[in-house]
>>> print(open('work-v7.cif').read())   # mmCIF, N, CA and C atoms
data_entry
loop_
_atom_site.label_atom_id
_atom_site.label_comp_id
_atom_site.auth_asym_id
_atom_site.auth_seq_id
_atom_site.Cartn_x
_atom_site.Cartn_y
_atom_site.Cartn_z
N MET A 18 -40.99 -86.58 63.01
CA MET A 18 -39.76 -85.86 63.25
C MET A 18 -39.04 -85.64 61.92
N THR A 19 -38.33 -84.56 61.84
CA THR A 19 -37.53 -84.31 60.64
C THR A 19 -36.29 -85.20 60.67
N ARG A 20 -35.65 -85.35 59.54
CA ARG A 20 -34.43 -86.16 59.48
C ARG A 20 -33.37 -85.58 60.42
N LEU A 21 -33.27 -84.27 60.45
CA LEU A 21 -32.29 -83.62 61.33
C LEU A 21 -32.58 -83.96 62.80
N ALA A 22 -33.84 -83.90 63.20
CA ALA A 22 -34.21 -84.23 64.58
C ALA A 22 -33.89 -85.69 64.90
N LEU A 23 -34.14 -86.57 63.94
CA LEU A 23 -33.83 -88.00 64.14
C LEU A 23 -32.32 -88.21 64.30
N LEU A 24 -31.54 -87.53 63.48
CA LEU A 24 -30.08 -87.65 63.57
C LEU A 24 -29.56 -87.10 64.89
N GLU A 25 -30.15 -86.00 65.35
CA GLU A 25 -29.75 -85.43 66.63
C GLU A 25 -30.08 -86.39 67.77
N ARG A 26 -31.26 -87.01 67.71
CA ARG A 26 -31.65 -87.98 68.74
C ARG A 26 -30.73 -89.19 68.71
N LEU A 27 -30.36 -89.65 67.52
CA LEU A 27 -29.46 -90.78 67.39
C LEU A 27 -28.09 -90.44 67.99
N LYS A 28 -27.65 -89.22 67.77
CA LYS A 28 -26.38 -88.78 68.33
C LYS A 28 -26.44 -88.80 69.87
N GLN A 29 -27.57 -88.39 70.44
CA GLN A 29 -27.75 -88.45 71.89
C GLN A 29 -27.71 -89.90 72.39
N LEU A 30 -28.39 -90.77 71.66
CA LEU A 30 -28.41 -92.19 72.04
C LEU A 30 -27.02 -92.81 71.96
N GLN A 31 -26.22 -92.39 70.98
CA GLN A 31 -24.87 -92.92 70.82
C GLN A 31 -24.03 -92.68 72.07
N GLN A 32 -24.32 -91.60 72.80
CA GLN A 32 -23.55 -91.26 73.99
C GLN A 32 -23.93 -92.09 75.22
N MET A 33 -25.00 -92.83 75.15
CA MET A 33 -25.45 -93.64 76.28
C MET A 33 -24.54 -94.85 76.45
N PRO A 34 -24.35 -95.29 77.70
CA PRO A 34 -23.43 -96.40 77.97
C PRO A 34 -23.67 -97.65 77.13
N LYS A 35 -24.89 -97.97 76.85
CA LYS A 35 -25.19 -99.18 76.08
C LYS A 35 -24.53 -99.16 74.70
N PHE A 36 -24.37 -97.98 74.12
CA PHE A 36 -23.84 -97.88 72.76
C PHE A 36 -22.42 -97.33 72.70
N HIS A 37 -21.73 -97.20 73.83
CA HIS A 37 -20.37 -96.67 73.80
C HIS A 37 -19.43 -97.50 72.94
N THR A 38 -19.64 -98.80 72.90
CA THR A 38 -18.75 -99.66 72.13
C THR A 38 -19.36 -100.09 70.79
N ARG A 39 -20.47 -99.49 70.43
CA ARG A 39 -21.16 -99.86 69.19
C ARG A 39 -21.55 -98.61 68.41
N ASP A 40 -21.24 -98.57 67.15
CA ASP A 40 -21.57 -97.43 66.31
C ASP A 40 -23.00 -97.59 65.77
N ILE A 41 -23.90 -96.74 66.23
CA ILE A 41 -25.29 -96.79 65.76
C ILE A 41 -25.61 -95.65 64.81
N THR A 42 -24.64 -94.81 64.52
CA THR A 42 -24.91 -93.61 63.71
C THR A 42 -24.52 -93.74 62.24
N THR A 43 -23.46 -94.47 61.92
CA THR A 43 -22.97 -94.53 60.55
C THR A 43 -24.02 -95.07 59.58
N VAL A 44 -24.78 -96.05 60.02
CA VAL A 44 -25.79 -96.66 59.16
C VAL A 44 -26.85 -95.64 58.72
N SER A 45 -27.00 -94.56 59.46
CA SER A 45 -28.04 -93.57 59.15
C SER A 45 -27.86 -92.96 57.77
N ALA A 46 -26.65 -92.93 57.25
CA ALA A 46 -26.40 -92.36 55.93
C ALA A 46 -27.08 -93.16 54.82
N MET A 47 -27.34 -94.44 55.08
CA MET A 47 -27.92 -95.31 54.06
C MET A 47 -29.40 -95.56 54.26
N LEU A 48 -29.98 -95.01 55.31
CA LEU A 48 -31.38 -95.28 55.64
C LEU A 48 -32.33 -94.21 55.11
N SER A 49 -33.50 -94.64 54.69
CA SER A 49 -34.55 -93.68 54.34
C SER A 49 -35.03 -93.03 55.63
N ASN A 50 -35.81 -91.97 55.51
CA ASN A 50 -36.34 -91.32 56.71
C ASN A 50 -37.17 -92.27 57.54
N GLU A 51 -37.98 -93.10 56.89
CA GLU A 51 -38.81 -94.06 57.61
C GLU A 51 -37.95 -95.10 58.34
N ALA A 52 -36.95 -95.61 57.66
CA ALA A 52 -36.06 -96.60 58.27
C ALA A 52 -35.25 -95.97 59.40
N LEU A 53 -34.84 -94.72 59.23
CA LEU A 53 -34.10 -94.02 60.27
C LEU A 53 -34.97 -93.84 61.51
N ALA A 54 -36.24 -93.49 61.32
CA ALA A 54 -37.16 -93.34 62.44
C ALA A 54 -37.30 -94.66 63.20
N LYS A 55 -37.39 -95.76 62.47
CA LYS A 55 -37.50 -97.08 63.10
C LYS A 55 -36.22 -97.42 63.84
N HIS A 56 -35.07 -97.11 63.26
CA HIS A 56 -33.77 -97.36 63.89
C HIS A 56 -33.67 -96.60 65.21
N VAL A 57 -34.05 -95.33 65.20
CA VAL A 57 -34.02 -94.51 66.42
C VAL A 57 -34.97 -95.11 67.46
N GLU A 58 -36.15 -95.50 67.02
CA GLU A 58 -37.13 -96.09 67.94
C GLU A 58 -36.58 -97.36 68.59
N LEU A 59 -35.97 -98.22 67.81
CA LEU A 59 -35.42 -99.46 68.35
C LEU A 59 -34.25 -99.19 69.30
N CYS A 60 -33.43 -98.21 68.97
CA CYS A 60 -32.32 -97.85 69.86
C CYS A 60 -32.85 -97.27 71.18
N GLU A 61 -33.90 -96.47 71.11
CA GLU A 61 -34.52 -95.94 72.32
C GLU A 61 -35.07 -97.06 73.19
N GLU A 62 -35.71 -98.03 72.56
CA GLU A 62 -36.23 -99.17 73.31
C GLU A 62 -35.10 -99.96 73.96
N ALA A 63 -33.98 -100.09 73.26
CA ALA A 63 -32.85 -100.86 73.77
C ALA A 63 -32.26 -100.24 75.04
N VAL A 64 -32.30 -98.92 75.14
CA VAL A 64 -31.76 -98.26 76.33
C VAL A 64 -32.84 -97.90 77.33
N GLY A 65 -34.09 -98.16 76.98
CA GLY A 65 -35.18 -97.84 77.89
C GLY A 65 -35.49 -96.35 77.92
N ALA A 66 -35.05 -95.64 76.88
CA ALA A 66 -35.29 -94.20 76.81
C ALA A 66 -36.70 -93.93 76.29
N PRO A 67 -37.32 -92.88 76.78
CA PRO A 67 -38.65 -92.54 76.24
C PRO A 67 -38.53 -92.10 74.80
N GLY A 68 -39.46 -92.55 73.99
CA GLY A 68 -39.45 -92.20 72.57
C GLY A 68 -40.22 -90.93 72.33
N ARG A 69 -40.54 -90.71 71.08
CA ARG A 69 -41.37 -89.56 70.72
C ARG A 69 -42.74 -89.75 71.34
N PRO A 70 -43.43 -88.68 71.71
CA PRO A 70 -44.75 -88.82 72.31
C PRO A 70 -45.70 -89.68 71.48
N ALA A 71 -45.70 -89.56 70.17
CA ALA A 71 -46.60 -90.36 69.34
C ALA A 71 -46.25 -91.84 69.46
N SER A 72 -44.97 -92.15 69.58
CA SER A 72 -44.55 -93.54 69.69
C SER A 72 -45.07 -94.16 70.98
N ARG A 73 -45.04 -93.43 72.07
CA ARG A 73 -45.55 -93.97 73.33
C ARG A 73 -47.02 -94.27 73.22
N ASP A 74 -47.78 -93.39 72.56
CA ASP A 74 -49.21 -93.63 72.39
C ASP A 74 -49.45 -94.87 71.55
N GLU A 75 -48.63 -95.07 70.52
CA GLU A 75 -48.77 -96.23 69.65
C GLU A 75 -48.46 -97.52 70.38
N ARG A 76 -47.68 -97.43 71.45
CA ARG A 76 -47.29 -98.63 72.19
C ARG A 76 -48.28 -99.02 73.27
N SER A 77 -49.45 -98.45 73.23
CA SER A 77 -50.45 -98.80 74.25
C SER A 77 -50.79 -100.27 74.17
N PRO A 78 -51.19 -100.88 75.29
CA PRO A 78 -51.49 -102.32 75.30
C PRO A 78 -52.50 -102.68 74.21
N GLY A 79 -52.23 -103.80 73.55
CA GLY A 79 -53.11 -104.27 72.51
C GLY A 79 -52.74 -103.80 71.12
N HIS A 80 -51.88 -102.79 71.03
CA HIS A 80 -51.45 -102.32 69.72
C HIS A 80 -50.43 -103.31 69.18
N GLU A 81 -50.60 -103.74 67.95
CA GLU A 81 -49.76 -104.82 67.43
C GLU A 81 -48.28 -104.52 67.46
N LYS A 82 -47.88 -103.29 67.25
CA LYS A 82 -46.46 -102.96 67.30
C LYS A 82 -46.03 -102.64 68.73
N GLY A 83 -46.98 -102.47 69.63
CA GLY A 83 -46.67 -102.08 71.00
C GLY A 83 -46.43 -103.23 71.94
N VAL A 84 -46.56 -104.47 71.48
CA VAL A 84 -46.34 -105.61 72.36
C VAL A 84 -44.84 -105.81 72.49
N PRO A 85 -44.29 -105.56 73.71
CA PRO A 85 -42.85 -105.72 73.91
C PRO A 85 -42.41 -107.16 73.67
N SER A 86 -41.16 -107.33 73.29
CA SER A 86 -40.63 -108.66 73.05
C SER A 86 -40.77 -109.51 74.30
N GLY A 87 -41.13 -110.77 74.11
CA GLY A 87 -41.27 -111.67 75.22
C GLY A 87 -42.65 -111.69 75.84
N ARG A 88 -43.49 -110.77 75.41
CA ARG A 88 -44.86 -110.72 75.93
C ARG A 88 -45.82 -110.95 74.79
N ALA A 89 -46.79 -111.78 75.00
CA ALA A 89 -47.77 -112.01 73.93
C ALA A 89 -49.17 -112.00 74.49
#
>>> encode(input="work-v7.cif", output="structure tokens")
Amino acid sequence: MTRLALLERLKQLQQMPKFHTRDITTVSAMLSNEALAKHVELCEEAVGAPGRPASRDERSPGHEKGVPSGRA
């Protein structure tokens, strides 16, 4: 995703009830594109929102980054 697309997605996530009382967007000014993509991914996971299609594929069972917290 482009930086603009990541920022737009972060803005959408900010509007979700989970983040109404927490600012998740300001930090984006200090993040690299890679770090911003990870931040968006983690915020999506926190609200249970579907991520980018590539991210869902990467989270297939057995993928080291795809093991959800609490499951081993």
>>> atom_distance(input="work-v7.cif", atom1="CA of Leu53 in chain A", atom2="atom N of Leu23 in chain A")
8.3 Å
>>> atom_distance(input="work-v7.cif", atom1="CA of Glu61 in chain A", atom2="atom N of Ile41 in chain A")
12.3 Å
>>> resolve_selection(input="work-v7.cif", expression="the PyMOL selection byres (((chain A and resi 45 and name CA) around 12) and name CA)", output="PyMOL selection string")
chain A and resi 20-21+23-28+40-44+46-57
>>> write_last_selection(input="work-v7.cif", atoms="N, CA and C atoms", output="PDB file, in the frame of the given file")
ATOM      1  N   ARG A  20     -35.650 -85.350  59.540  1.00  0.00           N
ATOM      2  CA  ARG A  20     -34.430 -86.160  59.480  1.00  0.00           C
ATOM      3  C   ARG A  20     -33.370 -85.580  60.420  1.00  0.00           C
ATOM      4  N   LEU A  21     -33.270 -84.270  60.450  1.00  0.00           N
ATOM      5  CA  LEU A  21     -32.290 -83.620  61.330  1.00  0.00           C
ATOM      6  C   LEU A  21     -32.580 -83.960  62.800  1.00  0.00           C
ATOM      7  N   LEU A  23     -34.140 -86.570  63.940  1.00  0.00           N
ATOM      8  CA  LEU A  23     -33.830 -88.000  64.140  1.00  0.00           C
ATOM      9  C   LEU A  23     -32.320 -88.210  64.300  1.00  0.00           C
ATOM     10  N   LEU A  24     -31.540 -87.530  63.480  1.00  0.00           N
ATOM     11  CA  LEU A  24     -30.080 -87.650  63.570  1.00  0.00           C
ATOM     12  C   LEU A  24     -29.560 -87.100  64.890  1.00  0.00           C
ATOM     13  N   GLU A  25     -30.150 -86.000  65.350  1.00  0.00           N
ATOM     14  CA  GLU A  25     -29.750 -85.430  66.630  1.00  0.00           C
ATOM     15  C   GLU A  25     -30.080 -86.390  67.770  1.00  0.00           C
ATOM     16  N   ARG A  26     -31.260 -87.010  67.710  1.00  0.00           N
ATOM     17  CA  ARG A  26     -31.650 -87.980  68.740  1.00  0.00           C
ATOM     18  C   ARG A  26     -30.730 -89.190  68.710  1.00  0.00           C
ATOM     19  N   LEU A  27     -30.360 -89.650  67.520  1.00  0.00           N
ATOM     20  CA  LEU A  27     -29.460 -90.780  67.390  1.00  0.00           C
ATOM     21  C   LEU A  27     -28.090 -90.440  67.990  1.00  0.00           C
ATOM     22  N   LYS A  28     -27.650 -89.220  67.770  1.00  0.00           N
ATOM     23  CA  LYS A  28     -26.380 -88.780  68.330  1.00  0.00           C
ATOM     24  C   LYS A  28     -26.440 -88.800  69.870  1.00  0.00           C
ATOM     25  N   ASP A  40     -21.240 -98.570  67.150  1.00  0.00           N
ATOM     26  CA  ASP A  40     -21.570 -97.430  66.310  1.00  0.00           C
ATOM     27  C   ASP A  40     -23.000 -97.590  65.770  1.00  0.00           C
ATOM     28  N   ILE A  41     -23.900 -96.740  66.230  1.00  0.00           N
ATOM     29  CA  ILE A  41     -25.290 -96.790  65.760  1.00  0.00           C
ATOM     30  C   ILE A  41     -25.610 -95.650  64.810  1.00  0.00           C
ATOM     31  N   THR A  42     -24.640 -94.810  64.520  1.00  0.00           N
ATOM     32  CA  THR A  42     -24.910 -93.610  63.710  1.00  0.00           C
ATOM     33  C   THR A  42     -24.520 -93.740  62.240  1.00  0.00           C
ATOM     34  N   THR A  43     -23.460 -94.470  61.920  1.00  0.00           N
ATOM     35  CA  THR A  43     -22.970 -94.530  60.550  1.00  0.00           C
ATOM     36  C   THR A  43     -24.020 -95.070  59.580  1.00  0.00           C
ATOM     37  N   VAL A  44     -24.780 -96.050  60.020  1.00  0.00           N
ATOM     38  CA  VAL A  44     -25.790 -96.660  59.160  1.00  0.00           C
ATOM     39  C   VAL A  44     -26.850 -95.640  58.720  1.00  0.00           C
ATOM     40  N   ALA A  46     -26.650 -92.930  57.250  1.00  0.00           N
ATOM     41  CA  ALA A  46     -26.400 -92.360  55.930  1.00  0.00           C
ATOM     42  C   ALA A  46     -27.080 -93.160  54.820  1.00  0.00           C
ATOM     43  N   MET A  47     -27.340 -94.440  55.080  1.00  0.00           N
ATOM     44  CA  MET A  47     -27.920 -95.310  54.060  1.00  0.00           C
ATOM     45  C   MET A  47     -29.400 -95.560  54.260  1.00  0.00           C
ATOM     46  N   LEU A  48     -29.980 -95.010  55.310  1.00  0.00           N
ATOM     47  CA  LEU A  48     -31.380 -95.280  55.640  1.00  0.00           C
ATOM     48  C   LEU A  48     -32.330 -94.210  55.110  1.00  0.00           C
ATOM     49  N   SER A  49     -33.500 -94.640  54.690  1.00  0.00           N
ATOM     50  CA  SER A  49     -34.550 -93.680  54.340  1.00  0.00           C
ATOM     51  C   SER A  49     -35.030 -93.030  55.630  1.00  0.00           C
ATOM     52  N   ASN A  50     -35.810 -91.970  55.510  1.00  0.00           N
ATOM     53  CA  ASN A  50     -36.340 -91.320  56.710  1.00  0.00           C
ATOM     54  C   ASN A  50     -37.170 -92.270  57.540  1.00  0.00           C
ATOM     55  N   GLU A  51     -37.980 -93.100  56.890  1.00  0.00           N
ATOM     56  CA  GLU A  51     -38.810 -94.060  57.610  1.00  0.00           C
ATOM     57  C   GLU A  51     -37.950 -95.100  58.340  1.00  0.00           C
ATOM     58  N   ALA A  52     -36.950 -95.610  57.660  1.00  0.00           N
ATOM     59  CA  ALA A  52     -36.060 -96.600  58.270  1.00  0.00           C
ATOM     60  C   ALA A  52     -35.250 -95.970  59.400  1.00  0.00           C
ATOM     61  N   LEU A  53     -34.840 -94.720  59.230  1.00  0.00           N
ATOM     62  CA  LEU A  53     -34.100 -94.020  60.270  1.00  0.00           C
ATOM     63  C   LEU A  53     -34.970 -93.840  61.510  1.00  0.00           C
ATOM     64  N   ALA A  54     -36.240 -93.490  61.320  1.00  0.00           N
ATOM     65  CA  ALA A  54     -37.160 -93.340  62.440  1.00  0.00           C
ATOM     66  C   ALA A  54     -37.300 -94.660  63.200  1.00  0.00           C
ATOM     67  N   LYS A  55     -37.390 -95.760  62.470  1.00  0.00           N
ATOM     68  CA  LYS A  55     -37.500 -97.080  63.100  1.00  0.00           C
ATOM     69  C   LYS A  55     -36.220 -97.420  63.840  1.00  0.00           C
ATOM     70  N   HIS A  56     -35.070 -97.110  63.260  1.00  0.00           N
ATOM     71  CA  HIS A  56     -33.770 -97.360  63.890  1.00  0.00           C
ATOM     72  C   HIS A  56     -33.670 -96.600  65.210  1.00  0.00           C
ATOM     73  N   VAL A  57     -34.050 -95.330  65.200  1.00  0.00           N
ATOM     74  CA  VAL A  57     -34.020 -94.510  66.420  1.00  0.00           C
ATOM     75  C   VAL A  57     -34.970 -95.110  67.460  1.00  0.00           C
TER      76      VAL A  57
END
>>> residues_near_point(input="work-v7.cif", point="(-28.9, -94.0, 75.4)", cutoff="7 Å", atoms="only N, CA and C atoms", output="VMD selection string")
chain A and resid 29 to 36 60 to 61 64 to 66
>>> atom_distance(input="work-v7.cif", atom1="atom C of Met18 in chain A", atom2="atom N of Arg39 in chain A")
24.7 Å
>>> build_atoms(input="work-v7.cif", residues="range 41-67 of chain A", atoms="N, CA, C and O atoms", output="short mmCIF file (atom, residue, chain, number, x, y, z; two decimals), in the coordinates of the input")
data_model
loop_
_atom_site.label_atom_id
_atom_site.label_comp_id
_atom_site.auth_asym_id
_atom_site.auth_seq_id
_atom_site.Cartn_x
_atom_site.Cartn_y
_atom_site.Cartn_z
N ILE A 41 -23.90 -96.74 66.23
CA ILE A 41 -25.29 -96.79 65.76
C ILE A 41 -25.61 -95.65 64.81
O ILE A 41 -26.73 -95.54 64.33
N THR A 42 -24.64 -94.81 64.52
CA THR A 42 -24.91 -93.61 63.71
C THR A 42 -24.52 -93.74 62.24
O THR A 42 -25.18 -93.18 61.38
N THR A 43 -23.46 -94.47 61.92
CA THR A 43 -22.97 -94.53 60.55
C THR A 43 -24.02 -95.07 59.58
O THR A 43 -24.16 -94.57 58.47
N VAL A 44 -24.78 -96.05 60.02
CA VAL A 44 -25.79 -96.66 59.16
C VAL A 44 -26.85 -95.64 58.72
O VAL A 44 -27.48 -95.81 57.69
N SER A 45 -27.00 -94.56 59.46
CA SER A 45 -28.04 -93.57 59.15
C SER A 45 -27.86 -92.96 57.77
O SER A 45 -28.84 -92.54 57.14
N ALA A 46 -26.65 -92.93 57.25
CA ALA A 46 -26.40 -92.36 55.93
C ALA A 46 -27.08 -93.16 54.82
O ALA A 46 -27.38 -92.62 53.76
N MET A 47 -27.34 -94.44 55.08
CA MET A 47 -27.92 -95.31 54.06
C MET A 47 -29.40 -95.56 54.26
O MET A 47 -30.02 -96.27 53.47
N LEU A 48 -29.98 -95.01 55.31
CA LEU A 48 -31.38 -95.28 55.64
C LEU A 48 -32.33 -94.21 55.11
O LEU A 48 -31.99 -93.02 55.12
N SER A 49 -33.50 -94.64 54.69
CA SER A 49 -34.55 -93.68 54.34
C SER A 49 -35.03 -93.03 55.63
O SER A 49 -34.70 -93.48 56.73
N ASN A 50 -35.81 -91.97 55.51
CA ASN A 50 -36.34 -91.32 56.71
C ASN A 50 -37.17 -92.27 57.54
O ASN A 50 -37.08 -92.28 58.78
N GLU A 51 -37.98 -93.10 56.89
CA GLU A 51 -38.81 -94.06 57.61
C GLU A 51 -37.95 -95.10 58.34
O GLU A 51 -38.19 -95.42 59.51
N ALA A 52 -36.95 -95.61 57.66
CA ALA A 52 -36.06 -96.60 58.27
C ALA A 52 -35.25 -95.97 59.40
O ALA A 52 -35.00 -96.61 60.42
N LEU A 53 -34.84 -94.72 59.23
CA LEU A 53 -34.10 -94.02 60.27
C LEU A 53 -34.97 -93.84 61.51
O LEU A 53 -34.51 -94.04 62.64
N ALA A 54 -36.24 -93.49 61.32
CA ALA A 54 -37.16 -93.34 62.44
C ALA A 54 -37.30 -94.66 63.20
O ALA A 54 -37.30 -94.68 64.44
N LYS A 55 -37.39 -95.76 62.47
CA LYS A 55 -37.50 -97.08 63.10
C LYS A 55 -36.22 -97.42 63.84
O LYS A 55 -36.26 -97.96 64.95
N HIS A 56 -35.07 -97.11 63.26
CA HIS A 56 -33.77 -97.36 63.89
C HIS A 56 -33.67 -96.60 65.21
O HIS A 56 -33.26 -97.15 66.23
N VAL A 57 -34.05 -95.33 65.20
CA VAL A 57 -34.02 -94.51 66.42
C VAL A 57 -34.97 -95.11 67.46
O VAL A 57 -34.61 -95.24 68.63
N GLU A 58 -36.15 -95.50 67.02
CA GLU A 58 -37.13 -96.09 67.94
C GLU A 58 -36.58 -97.36 68.59
O GLU A 58 -36.69 -97.54 69.80
N LEU A 59 -35.97 -98.22 67.81
CA LEU A 59 -35.42 -99.46 68.35
C LEU A 59 -34.25 -99.19 69.30
O LEU A 59 -34.11 -99.86 70.31
N CYS A 60 -33.43 -98.21 68.97
CA CYS A 60 -32.32 -97.85 69.86
C CYS A 60 -32.85 -97.27 71.18
O CYS A 60 -32.31 -97.56 72.25
N GLU A 61 -33.90 -96.47 71.11
CA GLU A 61 -34.52 -95.94 72.32
C GLU A 61 -35.07 -97.06 73.19
O GLU A 61 -34.90 -97.06 74.41
N GLU A 62 -35.71 -98.03 72.56
CA GLU A 62 -36.23 -99.17 73.31
C GLU A 62 -35.10 -99.96 73.96
O GLU A 62 -35.23 -100.43 75.08
N ALA A 63 -33.98 -100.09 73.26
CA ALA A 63 -32.85 -100.86 73.77
C ALA A 63 -32.26 -100.24 75.04
O ALA A 63 -31.78 -100.95 75.92
N VAL A 64 -32.30 -98.92 75.14
CA VAL A 64 -31.76 -98.26 76.33
C VAL A 64 -32.84 -97.90 77.33
O VAL A 64 -32.55 -97.37 78.40
N GLY A 65 -34.09 -98.16 76.98
CA GLY A 65 -35.18 -97.84 77.89
C GLY A 65 -35.49 -96.35 77.92
O GLY A 65 -36.10 -95.85 78.86
N ALA A 66 -35.05 -95.64 76.88
CA ALA A 66 -35.29 -94.20 76.81
C ALA A 66 -36.70 -93.93 76.29
O ALA A 66 -37.20 -94.68 75.46
N PRO A 67 -37.32 -92.88 76.78
CA PRO A 67 -38.65 -92.54 76.24
C PRO A 67 -38.53 -92.10 74.80
O PRO A 67 -37.58 -91.40 74.44
#
